[in-house]
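Source file: entry.txt (compact mmCIF, C-alpha atoms)
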```txt
# COMPACT_ATOMS: atom_id res chain seq x y z
CA MET U 1 -23.51 15.09 0.86
CA SER U 2 -21.61 12.72 3.17
CA ALA U 3 -17.82 12.60 3.05
CA GLU U 4 -17.90 8.99 1.81
CA ARG U 5 -20.35 9.83 -0.99
CA ARG U 6 -18.32 12.91 -1.99
CA ALA U 7 -15.14 10.80 -2.17
CA ARG U 8 -16.90 8.20 -4.36
CA TRP U 9 -18.10 10.88 -6.79
CA ARG U 10 -14.59 12.36 -6.85
CA LEU U 11 -13.18 8.97 -7.92
CA ILE U 12 -15.86 8.63 -10.61
CA LEU U 13 -15.49 12.15 -12.05
CA GLY U 14 -11.73 12.58 -11.70
CA SER U 15 -9.63 15.63 -10.91
CA ASP U 16 -11.84 17.91 -13.02
CA ALA U 17 -14.41 17.71 -10.20
CA ASP U 18 -12.03 18.98 -7.51
CA GLY U 19 -13.61 22.43 -7.43
CA ALA U 20 -17.20 21.26 -7.25
CA LEU U 21 -16.47 18.58 -4.65
CA ASP U 22 -13.91 20.51 -2.61
CA GLY U 23 -11.21 18.00 -3.54
CA GLY U 24 -13.43 15.05 -2.68
CA GLY U 25 -11.81 14.56 0.73
CA LEU U 26 -9.66 11.68 -0.50
CA ASP U 27 -7.49 10.00 2.14
CA GLY U 28 -4.33 7.93 1.51
CA ALA U 29 -6.14 4.93 0.04
CA GLY U 30 -8.47 7.22 -1.93
CA ILE U 31 -5.52 9.09 -3.40
CA ALA U 32 -3.94 5.80 -4.45
CA ARG U 33 -7.20 4.67 -6.09
CA ASP U 34 -7.50 8.01 -7.87
CA ARG U 35 -3.96 7.65 -9.19
CA ALA U 36 -4.68 4.15 -10.50
CA LEU U 37 -7.95 5.24 -12.15
CA GLY U 38 -6.28 8.30 -13.63
CA PHE U 39 -3.49 6.21 -15.13
CA LEU U 40 -6.12 4.34 -17.14
CA TYR U 41 -8.92 6.82 -17.83
CA ASP U 42 -7.07 10.14 -18.09
CA ARG U 43 -5.92 9.02 -21.55
CA GLU U 44 -9.59 9.46 -22.50
CA GLN U 45 -8.82 13.22 -22.44
CA GLY U 46 -5.56 12.76 -24.32
CA ASP U 47 -3.36 13.17 -21.26
CA GLU U 48 -0.07 11.93 -22.73
CA ARG U 49 1.63 11.89 -19.36
CA ASN U 50 -0.29 8.75 -18.44
CA VAL U 51 0.14 6.79 -21.67
CA ARG U 52 2.50 3.85 -21.16
CA ARG U 53 1.33 1.40 -23.83
CA GLY U 54 3.64 -1.60 -23.71
CA SER U 55 6.44 0.41 -22.14
CA LEU U 56 9.15 -1.44 -20.21
CA ASP U 57 10.76 1.80 -19.02
CA ASP U 58 10.81 2.97 -15.42
CA SER U 59 8.21 5.66 -14.72
CA ALA U 60 6.17 7.12 -11.90
CA LEU U 61 3.64 4.38 -12.61
CA ASN U 62 4.19 1.71 -15.26
CA VAL U 63 1.92 -1.10 -16.41
CA PRO U 64 3.15 -3.83 -14.01
CA ASP U 65 2.94 -1.38 -11.09
CA TRP U 66 -0.57 -0.36 -12.16
CA ILE U 67 -1.73 -3.98 -12.37
CA ASN U 68 -0.35 -4.69 -8.91
CA ASP U 69 -1.94 -1.53 -7.50
CA VAL U 70 -5.45 -2.23 -8.79
CA HIS U 71 -5.35 -5.77 -7.42
CA GLU U 72 -4.52 -4.35 -3.99
CA LEU U 73 -6.87 -1.37 -4.04
CA PHE U 74 -10.13 -2.64 -5.56
CA PRO U 75 -12.48 -5.62 -5.11
CA ARG U 76 -12.43 -8.34 -7.76
CA ARG U 77 -15.51 -7.15 -9.70
CA VAL U 78 -13.93 -3.69 -10.09
CA VAL U 79 -10.58 -5.21 -11.06
CA GLU U 80 -12.29 -7.25 -13.77
CA ARG U 81 -13.86 -4.09 -15.24
CA LEU U 82 -10.55 -2.21 -15.11
CA GLU U 83 -8.72 -5.10 -16.80
CA SER U 84 -11.40 -5.30 -19.48
CA ASP U 85 -11.16 -1.57 -20.24
CA ALA U 86 -7.36 -1.63 -20.14
CA LEU U 87 -7.20 -4.50 -22.60
CA GLU U 88 -10.15 -3.80 -24.93
CA ARG U 89 -10.35 0.01 -24.95
CA TYR U 90 -6.70 0.97 -24.56
CA GLY U 91 -4.58 -2.10 -25.42
CA LEU U 92 -2.76 -1.43 -22.19
CA LEU U 93 -2.09 -4.93 -20.91
CA GLU U 94 0.02 -6.02 -23.87
CA ILE U 95 3.07 -6.03 -21.61
CA VAL U 96 1.76 -9.14 -19.91
CA THR U 97 -0.51 -10.56 -22.60
CA ASP U 98 1.66 -10.21 -25.70
CA GLN U 99 4.28 -12.94 -26.21
CA LYS U 100 6.80 -10.72 -28.05
CA VAL U 101 6.61 -7.99 -25.41
CA LEU U 102 7.11 -10.53 -22.61
CA GLN U 103 10.13 -11.96 -24.44
CA ARG U 104 11.82 -8.54 -24.18
CA ALA U 105 10.91 -8.02 -20.54
CA THR U 106 13.48 -8.40 -17.76
CA PRO U 107 12.19 -10.88 -15.15
CA ASN U 108 11.73 -9.29 -11.72
CA VAL U 109 9.34 -9.58 -8.79
CA THR U 110 7.18 -6.64 -9.91
CA LEU U 111 6.65 -8.18 -13.35
CA LEU U 112 6.02 -11.59 -11.75
CA LYS U 113 3.23 -10.15 -9.59
CA ALA U 114 1.66 -8.57 -12.68
CA VAL U 115 1.87 -11.91 -14.50
CA LEU U 116 0.22 -13.74 -11.59
CA SER U 117 -2.58 -11.17 -11.53
CA THR U 118 -3.34 -11.34 -15.27
CA LYS U 119 -2.45 -14.88 -16.37
CA HIS U 120 -6.17 -15.68 -16.63
CA LEU U 121 -6.17 -13.33 -19.66
CA MET U 122 -3.27 -15.09 -21.42
CA SER U 123 -3.30 -17.45 -24.37
CA ALA U 124 -1.47 -20.78 -24.17
CA GLU U 125 1.53 -19.33 -26.05
CA VAL U 126 1.78 -16.33 -23.74
CA LEU U 127 1.46 -18.59 -20.68
CA GLY U 128 4.56 -20.43 -21.87
CA GLU U 129 6.48 -17.16 -21.86
CA ALA U 130 4.95 -16.28 -18.47
CA ARG U 131 6.25 -19.58 -17.12
CA ARG U 132 9.77 -18.59 -18.23
CA ILE U 133 9.51 -15.34 -16.27
CA ILE U 134 8.19 -17.15 -13.19
CA ARG U 135 11.04 -19.68 -13.43
CA ALA U 136 13.70 -16.97 -13.73
CA VAL U 137 12.43 -15.02 -10.70
CA VAL U 138 11.91 -18.19 -8.61
CA ASP U 139 15.40 -19.50 -9.42
CA ASP U 140 16.88 -16.17 -8.33
CA LEU U 141 14.91 -16.25 -5.06
CA LEU U 142 15.97 -19.86 -4.43
CA ARG U 143 19.62 -18.86 -4.84
CA GLN U 144 19.09 -16.07 -2.31
CA LEU U 145 17.02 -18.00 0.21
CA ALA U 146 17.92 -21.70 0.09
CA ARG U 147 20.96 -21.54 2.37
CA ASP U 148 19.34 -19.12 4.85
CA VAL U 149 16.19 -21.22 5.15
CA ARG U 150 17.99 -24.57 5.47
CA SER U 151 20.75 -23.45 7.84
CA PRO U 152 18.64 -23.23 11.05
CA PHE U 153 17.75 -26.93 10.63
CA THR U 154 21.39 -28.09 10.47
CA GLY U 155 22.27 -30.26 13.47
CA ALA U 156 24.16 -28.67 16.35
CA LEU U 157 27.91 -29.25 16.64
CA ASP U 158 28.71 -32.07 19.09
CA ARG U 159 32.26 -31.61 20.42
CA ARG U 160 32.12 -34.87 22.41
CA ARG U 161 31.82 -37.22 19.44
CA PRO U 162 34.29 -37.65 16.58
CA SER U 163 33.08 -37.92 13.01
CA ARG U 164 34.33 -39.66 9.87
CA HIS U 165 32.96 -36.85 7.73
CA ARG U 166 35.94 -34.64 6.91
CA ILE U 167 34.39 -31.19 6.60
CA ALA U 168 36.57 -28.13 7.19
CA SER U 169 33.98 -26.42 9.42
CA ASN U 170 34.02 -29.52 11.70
CA PHE U 171 37.84 -29.68 12.08
CA ASP U 172 38.85 -30.36 15.72
CA ALA U 173 42.24 -28.63 15.99
CA PRO U 174 43.02 -29.27 19.71
CA ALA U 175 42.24 -32.99 19.51
CA THR U 176 44.20 -33.30 16.27
CA ILE U 177 47.27 -31.73 17.88
CA ARG U 178 47.05 -34.03 20.90
CA ARG U 179 46.58 -37.14 18.77
CA ASN U 180 49.57 -36.30 16.53
CA LEU U 181 52.12 -35.06 19.12
CA ARG U 182 54.13 -38.26 18.65
CA HIS U 183 54.82 -37.12 15.10
CA PHE U 184 56.46 -33.87 16.21
CA ASP U 185 59.78 -33.30 14.40
CA ALA U 186 62.08 -31.49 16.86
CA ALA U 187 64.72 -30.75 14.20
CA SER U 188 62.34 -28.81 11.94
CA GLY U 189 59.94 -27.71 14.67
CA ARG U 190 57.01 -29.06 12.64
CA LEU U 191 54.09 -31.23 13.64
CA ILE U 192 53.25 -33.86 11.05
CA ILE U 193 49.49 -34.45 10.88
CA SER U 194 48.86 -38.07 10.02
CA GLU U 195 45.38 -38.33 11.52
CA PRO U 196 43.16 -35.20 11.42
CA LEU U 197 40.10 -35.32 13.67
CA PHE U 198 36.64 -33.81 13.12
CA PHE U 199 33.62 -33.10 15.29
CA SER U 200 30.31 -34.85 14.72
CA ARG U 201 27.08 -32.99 14.04
CA VAL U 202 24.06 -34.11 15.97
CA ARG U 203 20.83 -34.59 14.00
CA ARG U 204 18.06 -35.34 16.38
CA HIS U 205 16.01 -38.35 15.39
CA ILE U 206 12.50 -37.29 16.25
CA ASP U 207 9.11 -37.78 14.74
CA ARG U 208 8.72 -35.40 11.83
CA TRP U 209 6.76 -32.26 12.58
CA GLN U 210 3.79 -31.36 10.43
CA VAL U 211 4.01 -27.83 9.01
CA ILE U 212 0.89 -26.51 7.27
CA VAL U 213 1.39 -23.28 5.31
CA LEU U 214 -1.84 -21.41 4.48
CA VAL U 215 -1.46 -18.43 2.13
CA ASP U 216 -4.04 -15.69 1.61
CA GLN U 217 -4.41 -14.95 -2.15
CA SER U 218 -5.74 -11.40 -1.73
CA GLY U 219 -3.97 -8.84 -3.92
CA SER U 220 -2.19 -7.14 -1.04
CA MET U 221 -0.42 -10.43 -0.19
CA ALA U 222 1.27 -10.92 -3.60
CA ASP U 223 4.85 -10.60 -2.27
CA SER U 224 4.07 -13.03 0.54
CA VAL U 225 2.49 -15.52 -1.87
CA ILE U 226 5.69 -15.60 -3.95
CA HIS U 227 8.02 -15.95 -0.96
CA ALA U 228 5.72 -18.54 0.65
CA ALA U 229 5.87 -20.70 -2.49
CA VAL U 230 9.68 -20.60 -2.47
CA THR U 231 9.95 -21.16 1.31
CA ALA U 232 7.50 -24.07 1.22
CA SER U 233 9.55 -25.74 -1.53
CA ILE U 234 12.64 -25.55 0.69
CA PHE U 235 10.70 -26.87 3.69
CA THR U 236 9.50 -29.76 1.49
CA SER U 237 13.13 -30.66 0.73
CA LEU U 238 13.71 -31.04 4.50
CA ASN U 239 11.55 -34.16 4.54
CA THR U 240 13.60 -35.93 7.21
CA LEU U 241 12.46 -33.29 9.70
CA LEU U 242 9.22 -31.88 8.31
CA ARG U 243 6.02 -32.96 6.59
CA THR U 244 5.06 -29.83 4.70
CA HIS U 245 1.56 -29.03 3.42
CA LEU U 246 0.80 -25.95 1.32
CA ALA U 247 -2.58 -24.42 0.48
CA VAL U 248 -3.74 -21.07 -0.88
CA PHE U 249 -7.14 -19.62 -0.13
CA ASP U 250 -9.65 -16.89 -0.90
CA THR U 251 -13.24 -18.01 -0.37
CA ASN U 252 -12.06 -21.50 -1.35
CA VAL U 253 -9.06 -23.57 -0.28
CA VAL U 254 -6.74 -25.02 -2.92
CA ASP U 255 -4.41 -27.77 -1.72
CA LEU U 256 -1.03 -27.32 -3.48
CA THR U 257 0.91 -29.88 -1.43
CA ASP U 258 1.47 -32.08 -4.49
CA THR U 259 3.31 -29.24 -6.27
CA ALA U 260 4.93 -27.65 -3.20
CA ALA U 261 8.37 -28.97 -4.19
CA ASP U 262 8.22 -26.88 -7.39
CA PRO U 263 7.35 -23.23 -6.69
CA VAL U 264 6.85 -22.55 -10.41
CA GLU U 265 4.02 -25.07 -10.58
CA THR U 266 2.65 -23.68 -7.33
CA LEU U 267 2.58 -20.10 -8.64
CA MET U 268 1.02 -21.16 -11.93
CA LYS U 269 -1.99 -22.33 -9.89
CA VAL U 270 -2.28 -19.15 -7.81
CA GLN U 271 -5.04 -16.66 -8.66
CA LEU U 272 -4.56 -13.37 -6.86
CA GLY U 273 -7.58 -11.37 -5.71
CA GLY U 274 -11.05 -12.26 -4.54
CA GLY U 275 -12.71 -12.60 -1.15
CA THR U 276 -11.20 -14.02 2.01
CA ASP U 277 -12.43 -16.79 4.31
CA ILE U 278 -9.63 -17.39 6.81
CA GLY U 279 -11.77 -19.51 9.10
CA GLN U 280 -12.47 -22.00 6.31
CA ALA U 281 -8.75 -22.30 5.54
CA LEU U 282 -7.98 -23.02 9.19
CA ARG U 283 -10.75 -25.62 9.33
CA TRP U 284 -9.12 -27.32 6.34
CA ALA U 285 -5.81 -27.38 8.21
CA GLU U 286 -7.53 -28.69 11.33
CA GLY U 287 -8.87 -31.62 9.32
CA ILE U 288 -5.44 -32.87 8.20
CA ILE U 289 -3.60 -32.60 11.52
CA ASP U 290 -2.76 -36.00 13.02
CA ARG U 291 -0.60 -35.02 16.04
CA PRO U 292 -1.53 -31.61 17.40
CA ASP U 293 1.51 -31.50 19.71
CA ARG U 294 3.79 -31.79 16.65
CA ALA U 295 1.90 -29.53 14.28
CA ILE U 296 2.59 -25.94 13.24
CA VAL U 297 0.04 -23.94 11.24
CA VAL U 298 1.61 -20.96 9.48
CA LEU U 299 -1.18 -18.59 8.42
CA ILE U 300 0.05 -15.91 6.01
CA SER U 301 -2.65 -13.24 5.77
CA ASP U 302 -3.52 -9.60 6.33
CA PHE U 303 -6.23 -10.89 8.75
CA VAL U 304 -8.99 -9.01 6.92
CA GLU U 305 -11.70 -11.63 7.33
CA GLY U 306 -14.50 -11.59 4.78
CA ALA U 307 -16.55 -14.25 6.56
CA GLY U 308 -17.76 -14.18 10.14
CA LEU U 309 -15.03 -13.34 12.65
CA GLY U 310 -16.64 -15.66 15.21
CA ASP U 311 -15.86 -18.73 13.13
CA LEU U 312 -12.21 -17.67 12.71
CA LEU U 313 -11.77 -17.13 16.45
CA ALA U 314 -13.47 -20.42 17.28
CA VAL U 315 -11.22 -22.52 15.08
CA VAL U 316 -8.07 -20.77 16.33
CA LYS U 317 -9.13 -21.50 19.91
CA ARG U 318 -9.71 -25.18 19.08
CA LEU U 319 -6.31 -25.48 17.43
CA VAL U 320 -4.43 -23.81 20.27
CA ASP U 321 -6.32 -25.74 22.97
CA SER U 322 -5.49 -29.03 21.22
CA GLY U 323 -1.75 -28.24 21.31
CA VAL U 324 -1.24 -26.95 17.76
CA THR U 325 1.23 -24.08 17.35
CA VAL U 326 -0.47 -21.34 15.34
CA LEU U 327 1.71 -18.64 13.76
CA GLY U 328 0.04 -15.78 11.93
CA LEU U 329 2.28 -13.86 9.54
CA ALA U 330 1.14 -10.47 8.35
CA ALA U 331 4.03 -10.51 5.87
CA LEU U 332 6.54 -13.08 4.59
CA ASP U 333 9.00 -11.40 2.26
CA SER U 334 12.42 -9.80 2.13
CA ARG U 335 11.29 -6.61 3.93
CA ALA U 336 8.76 -8.04 6.40
CA VAL U 337 6.78 -4.79 6.46
CA PRO U 338 3.17 -5.72 7.35
CA GLY U 339 -0.15 -4.19 6.48
CA TYR U 340 -2.91 -5.94 8.40
CA ASP U 341 -6.03 -5.75 10.54
CA ARG U 342 -4.47 -5.09 13.93
CA GLU U 343 -7.64 -5.68 15.93
CA THR U 344 -8.15 -9.17 14.53
CA ALA U 345 -4.47 -9.99 15.02
CA GLU U 346 -4.68 -8.93 18.67
CA ARG U 347 -7.70 -11.16 19.22
CA LEU U 348 -5.80 -14.13 17.76
CA VAL U 349 -2.88 -13.43 20.11
CA ALA U 350 -5.27 -13.32 23.06
CA LEU U 351 -6.34 -16.87 22.13
CA GLY U 352 -2.73 -18.12 22.19
CA ALA U 353 -1.67 -17.69 18.57
CA HIS U 354 1.61 -16.00 17.66
CA VAL U 355 1.51 -13.06 15.21
CA ALA U 356 4.50 -11.47 13.49
CA ALA U 357 5.98 -10.33 10.20
CA MET U 358 9.06 -12.28 9.11
CA THR U 359 11.57 -12.84 6.37
CA PRO U 360 11.83 -16.45 5.13
CA HIS U 361 15.06 -16.88 7.16
CA GLU U 362 13.34 -15.66 10.33
CA LEU U 363 10.46 -18.06 9.71
CA ALA U 364 12.92 -20.93 9.27
CA GLU U 365 14.66 -20.03 12.55
CA TRP U 366 11.29 -19.89 14.32
CA VAL U 367 10.17 -23.29 12.99
CA ALA U 368 13.58 -24.88 13.61
CA ALA U 369 13.52 -23.73 17.24
CA LYS U 370 10.14 -25.47 17.68
CA VAL U 371 11.07 -28.77 16.04
CA LYS U 372 14.42 -29.03 17.82
```

Structure rendered as structure tokens:
Amino acid sequence: MSAERRARWRLILGSDADGALDGGGLDGAGIARDRALGFLYDREQGDERNVRRGSLDDSALNVPDWINDVHELFPRRVVERLESDALERYGLLEIVTDQKVLQRATPNVTLLKAVLSTKHLMSAEVLGEARRIIRAVVDDLLRQLARDVRSPFTGALDRRRPSRHRIASNFDAPATIRRNLRHFDAASGRLIISEPLFFSRVRRHIDRWQVIVLVDQSGSMADSVIHAAVTASIFTSLNTLLRTHLAVFDTNVVDLTDTAADPVETLMKVQLGGGTDIGQALRWAEGIIDRPDRAIVVLISDFVEGAGLGDLLAVVKRLVDSGVTVLGLAALDSRAVPGYDRETAERLVALGAHVAAMTPHELAEWVAAKVK
């Protein structure tokens, strides 16, 4: 029996088959899949260690973690079967499909990812509660990120030009002293400031750059999808400098530009999981670019292409040759720890694309450096 076939049978039969299959030869991903399957199906044997029905407590693996894991580890058709068994056989998904349970839940990114992965199972009433959780997490991320993302776009300090805008950070102390020396009181040794002076900030008046953000909806990109929605909303608010477009993709492209200003509405339209056609998403971007020399395409993906790689490489070459700046991000989140197809990424770099993993602040600095 081949090693691959033995590993598949080990996942089907569970740990009871370790002896017969010599452990099954599971590698890191196989062990993770076995853990996820065991969390659901070991309860079939009455294994109480794995029962977490509706629990909101921390544990080695809880329901939101399990949902997120299966969406990363298995293809969509397997995920659908696992969700069906979890809901219909074990009542396991009540944490994200029961309105009263969601009302007790503390909003956090892990729960948000679970909600995004299972909202297709929710009733209208539960979706209303899910929206509250999405709003709470998004508002918290906006408070954390808004200043960091906007700050790189602030105009540079111009110490040659005075300004009428009296902002403490722009206070010009040397010029103020010189201008007010005539008000020096020798008796008290004090300088009376009658006319404070401030620097001006330069905001370059240039044609707005077009920034097109393409986000891979595969399960492994859930953190990046959330941070991309928030970052794109902040970019959209910078409409004097940028024209921001936002789209998510699997084997189809969904244009979310109309809702990009509101990340809650954006995330309500996201459906995690499914296949991946990166080339098609880039062709969509190519079709809306009007000035290649002032266009940036930000592709957020693990670069695992489900369609033909030749098409992906061809469209990247056309974009780069036309003057478009192409930035591939293997991760866009607070940790910027990527998991991606390195070989594909290297081939994109060889064509002139840039590839990195960034936090939203680092992305903002990168884009600001280009547009300035």

Exercise for the section: Can you work out which one of U:Ala247, U:Val213, U:Ile193, U:Ile278 has the shortest atom-to-atom distance to U:Val315, counting only C-alpha atoms? Expected result: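 Nearest to U:Val315: U:Ile278.
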
Atomic distance atom CA of U:Arg335 - atom CA of U:Asn252, expressed in Å with one decimal:
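Result for atom CA of U:Arg335 versus atom CA of U:Asn252: 28.2 Å, one decimal.
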
inquiry  = Set the distance at 12 Å and use all atoms listed in the file: which residues neighbour U:Val337 once local chain neighbours fewer than 2 positions away are removed? I'd like the list as a PyMOL selection string.
reply    = chain U and resi 220-221+223-224+302+329-335+339-340+356-359

Which residues come within 8 Å of U:Thr240, counting all atoms listed in the file, excluding same-chain residues fewer than 2 positions away, as a PyMOL selection string?
chain U and resi 208+238+242

Taking into account only C-alpha atoms, which residue in the set U:Asp290, U:Glu129, U:Glu265, U:Asp185 is nearest to U:Val324?
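Comparing U:Asp290, U:Glu129, U:Glu265, U:Asp185 against U:Val324, the winner is U:Asp290.
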
Can you work out the spacing between atom CA of U:Val230 and atom CA of U:Glu343 in Å, to one decimal?
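Distance reported for this atom pair: 29.3 Å.
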
>> Would you pick out the contacts of U:Lys269 at 10 Å or less, using all atoms listed in the file, so that residues sharing its chain but fewer than 5 positions from it are not included, and give the list as a PyMOL selection string?
In response: chain U and resi 116+119+248+254+256+259+263-264

*To one decimal in Å, tell me the separation between atom CA of U:Arg81 and atom CA of U:Val225.*
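It comes out at 24.0 Å.
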
For this session: Find the spatial neighbours of U:Leu363, counting only C-alpha atoms, within a cut-off of 12 Å - ignore same-chain residues fewer than 6 positions away - and output them as a ChimeraX atom specification.
Result: /U:145,148-153,211,213,227-228,231-232,234-235,296,298-300,327-329,331-334,336,355-357,369-370

Of U:Met122, U:Val215, U:Leu13, U:Ala173, the one nearest to U:Leu102 when counting only C-alpha atoms is U:Met122

Selected residue of minimal separation from U:Val115 among U:Gly352, U:Gly279, U:Gly323, U:Gly128, counting all atoms listed in the file =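 Residue with the minimum atom-to-atom distance to U:Val115: U:Gly128.
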
For U:Leu197, the closest of U:Trp284, U:Trp9, U:Phe171, U:Phe303 counting all atoms listed in the file is U:Phe171
